[in-house]
Amino acid sequence: MINYQDVLKKIFISDNQKLFHGLSFVVISLIALHISIYFNFFKFSSNWIENESKKTTFIITNSMDEKEIPMSVNDEVVQFLSNYENIESFTIIDSEIIKGSLGLENLHNFSGLGMPLIFQVASSEQQIIDQIYTRIIEISEDRLIEKYSHKDQLYEISIVVNRIKTLIFLMFILVIVLFSFLIMNMVKAALVANFKFLEMLQIMGANSMELAKSISYSIVKRILPGAFIGLVFVFLISSLLVKIFGVNFSFFNSSFFWELNIMTLMLLIFFLIIFLILLLLFLTYYLFYFFEKRFFDKI
Amino acid sequence: MNEIIRLDNVSIDSSGRNLLNTSLRINKGDFVLIYGDNAVGKSLLLKLLYLKILPSRGNIYLFKKKISSESKEKIIEYRKKLGVILQSDFLIPFFTVFQNIEIASEIQNKKYEFKKRMTEILDWLDLAKIRNVLVGKLSDGQKQKVVIARALINNPSIIIADQPENYLDDETTKKLFFLLESLNKLGATIVMTSNKNHNIKNDHRVVKLI
């Protein structure tokens, strides 16, 4: 006994089978890639902003007669920070790095330029930063001290980050809308091309909802293999990108790498399930509407 | 009398032009022959009878209950009782004769004694030898036989046929009419169109469209 749902599947999909597989692979990959990039960018930018916002840069400016801060002051600062347990970390910026960032690598020691002592302290508590500041004033022996909280400077960066996130999200929506239109038009073309046969099914008493369910279920089933391969492909690409770009971040370590990968995979699987359910509902509704509209002929 | 469908002063208009104006009642067990010249609205009247269109004016009563565009459930149930033979073949070319007939049983969910009915109908219409041939490879006459077989496979209680003798040779036409009359005597209701009045017999109810 044949099943008329198989007949529908044969009519609508047999000619387009390879096209459906290829198309679903490309489009699902494209959408999933947006999700993966959005999520990884979100995690990276959040981690980076969180880490940066804890940092405060201290600058001890040398006196007029000094080329650089004396080693005794330098050592005392390092010793103080090393012994101070309440801070998360500190970094003394090497004078060569400062020169390098200013393009002054070849500056002769006899030039009149003095090098300040710059160091960064990471702590989320303002009270601790204030205590460090007070102590540094004592250590610096009346030299000029400047203190910059990175949190204040991150405001504009966070705006840029949010704009990038919005852009990725809008691209994601655009691809989904385009995919929906494409599927809708392909299905409509197949329906119109086979409408005489479908009309006969209606005359024989086929229910619009049953027809809609059968066809949409068949289409989603055909999309599944391409979608699954697309998901694996995006996961591999995502892992590679995370590995390549991650090395530039101080917070990137192997546990963070695996955490990101597992979360990305879970997110992609969740996305695929939700996407297929929504596609099934959308197609069913669309086809039901298509058949109901043609339940009676227009004269 | 068991009324099946009644058209009460129905008319069909299109682009301001009146295409059909009629009243008709079909009772259980009727053999109704609608005949008339080409393009007088025979197929349109049949479309009203299998409820593929609704009238511009007037009312349709199905089993004495008024039908509107909201009565889709009732219409679907009614359509499942029909065997419809249309002028256009509406067959699936890449399916065999057997599969094309079988699909009607699947949709109308009438699988009881399917094999026996299938064998009988294939023998009756001389389709047994070509049961496994793809419909796309058949002649127009053979396709018409498949359409007839598909309409009759479920032992429908109402048969609506739009010029079923089209593409058939004289011998097959005679066999077809004999089959329809036999089914009518067994209780089936037959409504068919024809543009040949030599098909009319005394016990037929005749509707002439002008």
# chains A, B, ... in the order shown; residues from 1 in each chain; ligands from 1
call {"tool": "interface_residues", "arguments": {"of": "chain B", "to": "chain A", "cutoff": "9 Å", "atoms": "only C-alpha atoms", "output": "short mmCIF file (atom, residue, chain, number, x, y, z; two decimals) with C-alpha atoms, in the first residue's frame"}}
result
data_model
loop_
_atom_site.label_atom_id
_atom_site.label_comp_id
_atom_site.auth_asym_id
_atom_site.auth_seq_id
_atom_site.Cartn_x
_atom_site.Cartn_y
_atom_site.Cartn_z
CA ILE B 12 -22.60 31.99 -11.12
CA ASP B 13 -21.30 35.31 -12.33
CA SER B 14 -17.85 36.19 -13.53
CA SER B 15 -16.66 39.65 -14.54
CA LYS B 47 -18.01 21.84 -9.98
CA TYR B 50 -18.68 18.40 -6.06
CA LEU B 51 -18.45 21.70 -4.17
CA LYS B 52 -15.26 23.00 -5.71
CA ILE B 53 -17.00 26.31 -6.26
CA LEU B 54 -19.69 28.19 -4.39
CA SER B 69 -17.62 28.78 2.80
CA LYS B 72 -15.38 22.95 5.12
CA GLU B 73 -15.53 19.94 7.45
CA ILE B 75 -17.62 19.47 2.47
CA ILE B 76 -14.52 17.30 3.09
CA GLU B 77 -16.71 14.48 4.43
CA TYR B 78 -18.95 14.81 1.35
CA ARG B 79 -15.98 14.84 -1.03
CA LYS B 80 -14.69 11.61 0.52
CA LYS B 81 -17.90 9.90 -0.60
CA LEU B 82 -17.42 10.99 -4.19
CA GLY B 83 -15.87 9.35 -7.17
CA VAL B 84 -15.03 12.12 -9.61
CA SER B 88 -8.35 16.71 -17.48
CA ASP B 89 -6.56 13.57 -16.39
CA PHE B 90 -4.98 14.80 -13.09
CA LEU B 91 -2.82 11.67 -12.99
CA ILE B 92 0.74 11.36 -11.70
CA PHE B 95 3.48 6.54 -11.04
CA GLN B 99 -0.32 3.35 -7.87
CA GLU B 102 -4.33 3.13 -5.18
CA ILE B 103 -3.83 6.74 -4.08
CA ALA B 104 -7.60 7.32 -4.03
CA GLU B 106 -5.24 6.03 0.60
CA ILE B 107 -6.77 9.51 0.68
CA GLN B 108 -10.34 8.39 1.21
CA ALA B 151 -12.96 7.27 -9.36
#
call {"tool": "select_by_dssp", "arguments": {"residues": "segment 62-197 of chain B", "states": "alpha helix (DSSP H)", "output": "PyMOL selection string"}}
result
chain B and resi 72-79+97-108+114-124+140-152+170-185
call {"tool": "closest_atom_pairs", "arguments": {"of": "segment 179-255 of chain A", "to": "segment 269-284 of chain A", "cutoff": "6 Å", "atoms": "only C-alpha atoms", "output": "Markdown table"}}
result
| residue | atom | partner | partner_atom | distance |
| --- | --- | --- | --- | --- |
| A:Ala212 | CA | A:Thr284 | CA | 5.1 |
| A:Lys213 | CA | A:Thr284 | CA | 5.5 |
| A:Ser216 | CA | A:Leu283 | CA | 5.5 |
call {"tool": "write_last_selection", "arguments": {"atoms": "N, CA and C atoms", "output": "CSV table (one decimal), in the first residue's frame"}}
result
chain,number,residue,atom,x,y,z
A,212,ALA,N,-0.7,20.0,4.4
A,212,ALA,CA,0.3,21.0,4.8
A,212,ALA,C,1.4,20.3,5.7
A,213,LYS,N,0.9,19.5,6.7
A,213,LYS,CA,1.7,18.8,7.6
A,213,LYS,C,2.7,17.8,6.9
A,216,SER,N,5.3,19.8,4.7
A,216,SER,CA,6.3,20.5,5.5
A,216,SER,C,7.2,19.5,6.2
call {"tool": "residues_around", "arguments": {"residues": "Pro55 of chain B", "least_positions_apart": "2", "cutoff": "6 Å", "atoms": "only C-alpha atoms", "output": "VMD selection string"}}
result
chain B and resid 10 to 12 57
call {"tool": "atom_distance", "arguments": {"atom1": "atom CA of Asp30 of chain B", "atom2": "atom CA of Thr189 of chain B"}}
result
5.1 Å
call {"tool": "residues_around", "arguments": {"residues": "segment 121-131 of chain A", "least_positions_apart": "3", "cutoff": "6 Å", "atoms": "only C-alpha atoms", "output": "list in words"}}
result
Lys54, Lys55, Thr56, Ile87, Glu88, Ser89, Phe90 and Thr134 of chain A
call {"tool": "write_last_selection", "arguments": {"atoms": "C-alpha atoms", "output": "PDB file, in the first residue's frame"}}
result
ATOM      1  CA  LYS A  54      39.472  45.885  36.898  1.00  0.00           C
ATOM      2  CA  LYS A  55      42.713  47.514  35.833  1.00  0.00           C
ATOM      3  CA  THR A  56      44.076  50.854  37.015  1.00  0.00           C
ATOM      4  CA  ILE A  87      45.097  42.630  44.429  1.00  0.00           C
ATOM      5  CA  GLU A  88      44.459  40.109  41.656  1.00  0.00           C
ATOM      6  CA  SER A  89      47.591  40.919  39.643  1.00  0.00           C
ATOM      7  CA  PHE A  90      49.969  43.702  38.700  1.00  0.00           C
ATOM      8  CA  THR A 134      48.068  56.343  49.127  1.00  0.00           C
TER       9      THR A 134
END
call {"tool": "decode", "arguments": {"residues": "segment 252-286 of chain A", "atoms": "N, CA and C atoms", "output": "PDB file, in the first residue's frame"}}
result
ATOM      1  N   PHE A 252      42.950  33.869  27.954  1.00  0.00           N
ATOM      2  CA  PHE A 252      42.706  32.657  27.166  1.00  0.00           C
ATOM      3  C   PHE A 252      43.591  31.513  27.651  1.00  0.00           C
ATOM      4  N   ASN A 253      42.968  30.455  28.105  1.00  0.00           N
ATOM      5  CA  ASN A 253      43.708  29.252  28.484  1.00  0.00           C
ATOM      6  C   ASN A 253      42.929  28.030  28.006  1.00  0.00           C
ATOM      7  N   SER A 254      43.489  26.835  28.232  1.00  0.00           N
ATOM      8  CA  SER A 254      42.860  25.649  27.643  1.00  0.00           C
ATOM      9  C   SER A 254      41.472  25.380  28.220  1.00  0.00           C
ATOM     10  N   SER A 255      41.285  25.672  29.510  1.00  0.00           N
ATOM     11  CA  SER A 255      39.952  25.409  30.088  1.00  0.00           C
ATOM     12  C   SER A 255      38.912  26.364  29.492  1.00  0.00           C
ATOM     13  N   PHE A 256      39.361  27.614  29.263  1.00  0.00           N
ATOM     14  CA  PHE A 256      38.445  28.584  28.640  1.00  0.00           C
ATOM     15  C   PHE A 256      38.118  28.150  27.206  1.00  0.00           C
ATOM     16  N   PHE A 257      39.136  27.611  26.512  1.00  0.00           N
ATOM     17  CA  PHE A 257      38.959  27.131  25.127  1.00  0.00           C
ATOM     18  C   PHE A 257      37.905  26.017  25.072  1.00  0.00           C
ATOM     19  N   TRP A 258      38.046  25.029  25.986  1.00  0.00           N
ATOM     20  CA  TRP A 258      37.088  23.919  25.990  1.00  0.00           C
ATOM     21  C   TRP A 258      35.703  24.358  26.429  1.00  0.00           C
ATOM     22  N   GLU A 259      35.699  25.272  27.405  1.00  0.00           N
ATOM     23  CA  GLU A 259      34.401  25.795  27.878  1.00  0.00           C
ATOM     24  C   GLU A 259      33.664  26.476  26.713  1.00  0.00           C
ATOM     25  N   LEU A 260      34.424  27.288  25.967  1.00  0.00           N
ATOM     26  CA  LEU A 260      33.830  27.988  24.818  1.00  0.00           C
ATOM     27  C   LEU A 260      33.334  26.999  23.763  1.00  0.00           C
ATOM     28  N   ASN A 261      34.144  25.982  23.467  1.00  0.00           N
ATOM     29  CA  ASN A 261      33.769  25.008  22.439  1.00  0.00           C
ATOM     30  C   ASN A 261      32.523  24.229  22.825  1.00  0.00           C
ATOM     31  N   ILE A 262      32.479  23.779  24.065  1.00  0.00           N
ATOM     32  CA  ILE A 262      31.318  22.988  24.509  1.00  0.00           C
ATOM     33  C   ILE A 262      30.063  23.859  24.498  1.00  0.00           C
ATOM     34  N   MET A 263      30.218  25.091  24.981  1.00  0.00           N
ATOM     35  CA  MET A 263      29.051  25.987  24.985  1.00  0.00           C
ATOM     36  C   MET A 263      28.602  26.314  23.568  1.00  0.00           C
ATOM     37  N   THR A 264      29.576  26.511  22.656  1.00  0.00           N
ATOM     38  CA  THR A 264      29.229  26.790  21.251  1.00  0.00           C
ATOM     39  C   THR A 264      28.464  25.607  20.653  1.00  0.00           C
ATOM     40  N   LEU A 265      28.961  24.395  20.917  1.00  0.00           N
ATOM     41  CA  LEU A 265      28.304  23.192  20.379  1.00  0.00           C
ATOM     42  C   LEU A 265      26.875  23.070  20.910  1.00  0.00           C
ATOM     43  N   MET A 266      26.731  23.282  22.206  1.00  0.00           N
ATOM     44  CA  MET A 266      25.385  23.187  22.799  1.00  0.00           C
ATOM     45  C   MET A 266      24.459  24.245  22.203  1.00  0.00           C
ATOM     46  N   LEU A 267      25.002  25.439  22.042  1.00  0.00           N
ATOM     47  CA  LEU A 267      24.216  26.538  21.474  1.00  0.00           C
ATOM     48  C   LEU A 267      23.795  26.218  20.039  1.00  0.00           C
ATOM     49  N   LEU A 268      24.719  25.637  19.264  1.00  0.00           N
ATOM     50  CA  LEU A 268      24.410  25.306  17.866  1.00  0.00           C
ATOM     51  C   LEU A 268      23.345  24.210  17.782  1.00  0.00           C
ATOM     52  N   ILE A 269      23.452  23.214  18.656  1.00  0.00           N
ATOM     53  CA  ILE A 269      22.447  22.131  18.656  1.00  0.00           C
ATOM     54  C   ILE A 269      21.082  22.712  19.040  1.00  0.00           C
ATOM     55  N   PHE A 270      21.078  23.553  20.059  1.00  0.00           N
ATOM     56  CA  PHE A 270      19.842  24.209  20.506  1.00  0.00           C
ATOM     57  C   PHE A 270      19.248  25.038  19.365  1.00  0.00           C
ATOM     58  N   PHE A 271      20.133  25.770  18.681  1.00  0.00           N
ATOM     59  CA  PHE A 271      19.688  26.592  17.553  1.00  0.00           C
ATOM     60  C   PHE A 271      19.051  25.727  16.471  1.00  0.00           C
ATOM     61  N   LEU A 272      19.717  24.583  16.136  1.00  0.00           N
ATOM     62  CA  LEU A 272      19.220  23.716  15.071  1.00  0.00           C
ATOM     63  C   LEU A 272      17.830  23.169  15.414  1.00  0.00           C
ATOM     64  N   ILE A 273      17.670  22.754  16.668  1.00  0.00           N
ATOM     65  CA  ILE A 273      16.363  22.205  17.085  1.00  0.00           C
ATOM     66  C   ILE A 273      15.290  23.281  16.968  1.00  0.00           C
ATOM     67  N   ILE A 274      15.575  24.450  17.540  1.00  0.00           N
ATOM     68  CA  ILE A 274      14.590  25.544  17.508  1.00  0.00           C
ATOM     69  C   ILE A 274      14.306  25.963  16.061  1.00  0.00           C
ATOM     70  N   PHE A 275      15.378  26.065  15.283  1.00  0.00           N
ATOM     71  CA  PHE A 275      15.234  26.494  13.884  1.00  0.00           C
ATOM     72  C   PHE A 275      14.339  25.531  13.106  1.00  0.00           C
ATOM     73  N   LEU A 276      14.581  24.224  13.271  1.00  0.00           N
ATOM     74  CA  LEU A 276      13.794  23.237  12.525  1.00  0.00           C
ATOM     75  C   LEU A 276      12.337  23.226  12.982  1.00  0.00           C
ATOM     76  N   ILE A 277      12.137  23.394  14.282  1.00  0.00           N
ATOM     77  CA  ILE A 277      10.746  23.440  14.786  1.00  0.00           C
ATOM     78  C   ILE A 277      10.032  24.667  14.204  1.00  0.00           C
ATOM     79  N   LEU A 278      10.724  25.809  14.235  1.00  0.00           N
ATOM     80  CA  LEU A 278      10.108  27.034  13.710  1.00  0.00           C
ATOM     81  C   LEU A 278       9.856  26.922  12.208  1.00  0.00           C
ATOM     82  N   LEU A 279      10.810  26.313  11.499  1.00  0.00           N
ATOM     83  CA  LEU A 279      10.646  26.134  10.048  1.00  0.00           C
ATOM     84  C   LEU A 279       9.444  25.233   9.752  1.00  0.00           C
ATOM     85  N   LEU A 280       9.321  24.175  10.550  1.00  0.00           N
ATOM     86  CA  LEU A 280       8.205  23.243  10.384  1.00  0.00           C
ATOM     87  C   LEU A 280       6.869  23.977  10.609  1.00  0.00           C
ATOM     88  N   LEU A 281       6.818  24.772  11.664  1.00  0.00           N
ATOM     89  CA  LEU A 281       5.585  25.515  11.963  1.00  0.00           C
ATOM     90  C   LEU A 281       5.283  26.532  10.866  1.00  0.00           C
ATOM     91  N   PHE A 282       6.340  27.237  10.442  1.00  0.00           N
ATOM     92  CA  PHE A 282       6.181  28.266   9.417  1.00  0.00           C
ATOM     93  C   PHE A 282       5.672  27.642   8.107  1.00  0.00           C
ATOM     94  N   LEU A 283       6.313  26.529   7.689  1.00  0.00           N
ATOM     95  CA  LEU A 283       5.911  25.872   6.438  1.00  0.00           C
ATOM     96  C   LEU A 283       4.492  25.312   6.535  1.00  0.00           C
ATOM     97  N   THR A 284       4.195  24.713   7.691  1.00  0.00           N
ATOM     98  CA  THR A 284       2.852  24.140   7.866  1.00  0.00           C
ATOM     99  C   THR A 284       1.801  25.240   7.750  1.00  0.00           C
ATOM    100  N   TYR A 285       2.077  26.354   8.435  1.00  0.00           N
ATOM    101  CA  TYR A 285       1.116  27.465   8.406  1.00  0.00           C
ATOM    102  C   TYR A 285       0.981  27.991   6.977  1.00  0.00           C
ATOM    103  N   TYR A 286       2.133  28.172   6.303  1.00  0.00           N
ATOM    104  CA  TYR A 286       2.135  28.721   4.947  1.00  0.00           C
ATOM    105  C   TYR A 286       1.369  27.806   3.981  1.00  0.00           C
TER     106      TYR A 286
END
